[in-house]
Amino acid sequence: MKTRYILLAALCSVLVGCAKENTPTAGETVRQYLSLWMDKYHPGIEPNAEGLYILQDQPGKGDLWDETVGYSYVEVTVRNLNGVISSTSDSTLSRQLGTYVKGNYYGPRFQATGEGSSYAGFDALLKGMRVGGSRKAVVPAWMLTTSRYQTQKEYIDASSAANSLIYDVTLRGQSQDVAATEKDSLARYVARKYGSAAPSSYKSGEEPDGTFFFISDTTEFVKEGAKPRNNTGTGTIHYTGRLLNGQIFDTTLEKLAKDAGIYNSGGTYVPVSINFNSSWSSISMGQSSSLIDGFKGGLSKMRYQGQKAIIIFTSDQGYSTTGSGNSIPAWSPLEFEIEMVSVTNLEE
């Protein structure tokens, strides 16, 4: 009798072990579903070496995408397998969907690539593309990870994601050093729009490095004998902030806000108060001292009532690698137009 129980226990152990071996992983279940979905909706398309299903491929004529270059400048639309779009950088498509917001930014963005920064499937999609080209592909759920593995089986076994996605990508460029790329684009923009305007600096003891421009003609104020504000004076300003493509993201002018699609019915469109300081970093606006450096630096150089100026600076003095909301993408140089409406505490 005892022997019988031992045999039964051994048999149960074998059966349980077999059941465990035959139970597919979450990743394998998703793989089987995706395979059936592809057979139904895109028969004949096989996965490539990276496990992606290429649906459309329009070759570009520029440089070949290089996985060792850290940043790609891309336009991206993402759909689920039902065709529902979760995000797009295409303004035309957004208008067609009825999701377009006038004050939002649409267009290419810098995307950090490589392990820990982007999905393995996203990098795999870019592999073999040239600048100017477009590609549409189904990216399997198990490739939607920032980790990197050697084989598809390792990706599948490690995956817990359930939903594969369809990516539509256009490659506009690449950069190993986004800061340098941004500085170059800023120089070209200033030369095109403001001619021979020279770079400036607001940091004491630092020479201009081409990342900040302050464009203002104060000659008439000096000629007329106007007195500048003192270092701890106060004043009021009107300002308008733009991306270099001309899109307005903030303004104190009501009509301009309405025209730009960023009007806030709860806002007050009047000149805002500025508290100056001998140190540019301590300048505040209203009750807020959390202003971006480039804006404070520009304000520090505003001296006369009635003065108008243009300030332009790179993203390391603005919203850096994160951007701000839906209107300012990461790594965006900014331009502000400022008018000093009033000044108190003039120099004696």
# chains A, B, ... in the order shown; residues from 1 in each chain; ligands from 1
call {"tool": "select_by_dssp", "arguments": {"residues": "segment 125-320 of chain A", "states": "helix (DSSP H, G or I)", "output": "JSON, numbers by chain"}}
result
{"A": [125, 126, 141, 142, 143, 152, 153, 154, 155, 156, 157, 158, 178, 179, 180, 181, 182, 183, 184, 185, 186, 187, 188, 189, 190, 191, 192, 193, 194, 219, 220, 221, 222, 223, 254, 255, 256, 257, 258, 259, 260, 280, 281, 282, 293, 294, 295, 296, 297, 298, 299, 300, 315, 316, 317]}
call {"tool": "residues_around", "arguments": {"residues": "segment 336-346 of chain A", "least_positions_apart": "4", "cutoff": "10 Å", "atoms": "only C-alpha atoms", "output": "JSON, numbers by chain"}}
result
{"A": [214, 215, 216, 226, 227, 228, 229, 230, 231, 232, 233, 234, 235, 236, 237, 238, 239, 240, 241, 242, 243, 248, 250, 251, 271, 272, 273, 274, 294, 295, 298, 299, 302, 303, 304, 305, 306, 307, 308, 309, 310, 311, 312, 313]}
call {"tool": "closest_residue", "arguments": {"among": "A:Gln58, A:Thr29, A:Thr99, A:Thr219", "to": "Trp142 of chain A", "atoms": "only C-alpha atoms"}}
result
A:Thr29
call {"tool": "select_by_dssp", "arguments": {"residues": "segment 7-183 of chain A", "states": "strand (DSSP E or B)", "output": "ChimeraX atom specification"}}
result
/A:53-58,64,71-80,85-88,109-112,130,134-139,165-175
call {"tool": "closest_residue", "arguments": {"among": "A:Lys301, A:Gly225, A:Gln317, A:Ala260", "to": "Val101 of chain A", "atoms": "only C-alpha atoms"}}
result
A:Ala260
call {"tool": "residues_around", "arguments": {"residues": "Gly121 of chain A", "least_positions_apart": "6", "cutoff": "8 Å", "atoms": "only C-alpha atoms", "output": "list in words"}}
result
Glu50, Leu52, Val139, Pro140, Met143, Leu144 and Thr145 of chain A
call {"tool": "write_last_selection", "arguments": {"atoms": "N, CA, C and O atoms", "output": "tab-separated table (two decimals), in the first residue's frame"}}
result
chain	number	residue	atom	x	y	z
A	50	GLU	N	14.96	41.23	-36.66
A	50	GLU	CA	14.71	41.85	-35.35
A	50	GLU	C	13.30	41.56	-34.84
A	50	GLU	O	12.90	42.08	-33.79
A	52	LEU	N	10.42	42.40	-36.30
A	52	LEU	CA	9.43	43.38	-36.73
A	52	LEU	C	8.80	42.96	-38.05
A	52	LEU	O	9.44	42.31	-38.88
A	139	VAL	N	5.50	46.59	-34.32
A	139	VAL	CA	6.53	46.32	-33.31
A	139	VAL	C	5.92	45.40	-32.26
A	139	VAL	O	5.00	45.79	-31.55
A	140	PRO	N	6.40	44.14	-32.17
A	140	PRO	CA	5.83	43.20	-31.20
A	140	PRO	C	5.94	43.69	-29.77
A	140	PRO	O	6.88	44.42	-29.43
A	143	MET	N	9.17	43.60	-27.86
A	143	MET	CA	10.24	44.51	-28.25
A	143	MET	C	10.01	45.92	-27.72
A	143	MET	O	10.80	46.82	-27.97
A	144	LEU	N	8.93	46.10	-26.95
A	144	LEU	CA	8.64	47.41	-26.34
A	144	LEU	C	9.29	47.46	-24.97
A	144	LEU	O	8.63	47.58	-23.93
A	145	THR	N	10.60	47.37	-24.95
A	145	THR	CA	11.39	47.39	-23.73
A	145	THR	C	12.67	48.16	-23.98
A	145	THR	O	13.21	48.14	-25.09
call {"tool": "residues_around", "arguments": {"residues": "segment 66-69 of chain A", "least_positions_apart": "3", "cutoff": "9 Å", "atoms": "only C-alpha atoms", "output": "list in words"}}
result
Asp63, Ser72, Thr113, Gly114, Asp123, Leu126, Lys127, Gly128, Gln174, Ser175, Gln176 and Asp177 of chain A
call {"tool": "write_last_selection", "arguments": {"atoms": "N, CA and C atoms", "output": "PDB file, in the first residue's frame"}}
result
ATOM      1  N   ASP A  63      21.882  60.249 -45.146  1.00  0.00           N
ATOM      2  CA  ASP A  63      22.813  59.343 -44.462  1.00  0.00           C
ATOM      3  C   ASP A  63      22.080  58.149 -43.870  1.00  0.00           C
ATOM      4  N   SER A  72      18.105  60.701 -32.542  1.00  0.00           N
ATOM      5  CA  SER A  72      17.470  60.700 -33.859  1.00  0.00           C
ATOM      6  C   SER A  72      16.380  61.766 -33.890  1.00  0.00           C
ATOM      7  N   THR A 113      18.269  57.440 -28.459  1.00  0.00           N
ATOM      8  CA  THR A 113      18.179  56.028 -28.807  1.00  0.00           C
ATOM      9  C   THR A 113      19.245  55.246 -28.051  1.00  0.00           C
ATOM     10  N   GLY A 114      19.115  53.926 -28.088  1.00  0.00           N
ATOM     11  CA  GLY A 114      20.070  53.073 -27.391  1.00  0.00           C
ATOM     12  C   GLY A 114      19.475  52.473 -26.129  1.00  0.00           C
ATOM     13  N   ASP A 123      14.487  51.174 -32.079  1.00  0.00           N
ATOM     14  CA  ASP A 123      15.814  51.181 -32.696  1.00  0.00           C
ATOM     15  C   ASP A 123      15.874  50.188 -33.857  1.00  0.00           C
ATOM     16  N   LEU A 126      14.430  51.677 -36.968  1.00  0.00           N
ATOM     17  CA  LEU A 126      15.293  52.657 -37.624  1.00  0.00           C
ATOM     18  C   LEU A 126      16.462  52.007 -38.363  1.00  0.00           C
ATOM     19  N   LYS A 127      16.811  50.794 -37.959  1.00  0.00           N
ATOM     20  CA  LYS A 127      17.965  50.108 -38.551  1.00  0.00           C
ATOM     21  C   LYS A 127      17.769  49.943 -40.061  1.00  0.00           C
ATOM     22  N   GLY A 128      18.733  50.429 -40.818  1.00  0.00           N
ATOM     23  CA  GLY A 128      18.656  50.330 -42.279  1.00  0.00           C
ATOM     24  C   GLY A 128      17.987  51.516 -42.948  1.00  0.00           C
ATOM     25  N   GLN A 174      20.019  62.910 -37.548  1.00  0.00           N
ATOM     26  CA  GLN A 174      20.654  62.328 -36.375  1.00  0.00           C
ATOM     27  C   GLN A 174      21.667  63.303 -35.808  1.00  0.00           C
ATOM     28  N   SER A 175      21.971  63.171 -34.529  1.00  0.00           N
ATOM     29  CA  SER A 175      22.976  64.019 -33.910  1.00  0.00           C
ATOM     30  C   SER A 175      23.638  63.281 -32.756  1.00  0.00           C
ATOM     31  N   GLN A 176      24.941  63.365 -32.711  1.00  0.00           N
ATOM     32  CA  GLN A 176      25.670  62.802 -31.580  1.00  0.00           C
ATOM     33  C   GLN A 176      25.693  63.799 -30.428  1.00  0.00           C
ATOM     34  N   ASP A 177      25.630  65.100 -30.768  1.00  0.00           N
ATOM     35  CA  ASP A 177      25.694  66.175 -29.773  1.00  0.00           C
ATOM     36  C   ASP A 177      24.550  67.153 -30.053  1.00  0.00           C
TER      37      ASP A 177
END
call {"tool": "closest_atom_pairs", "arguments": {"of": "segment 63-114 of chain A", "to": "segment 32-48 of chain A", "cutoff": "12 Å", "atoms": "only C-alpha atoms", "output": "Markdown table"}}
result
| residue | atom | partner | partner_atom | distance |
| --- | --- | --- | --- | --- |
| A:Asn80 | CA | A:Leu34 | CA | 11.9 |
| A:Leu81 | CA | A:Trp37 | CA | 8.7 |
| A:Asn82 | CA | A:Trp37 | CA | 10.5 |
| A:Gly83 | CA | A:Tyr41 | CA | 11.8 |
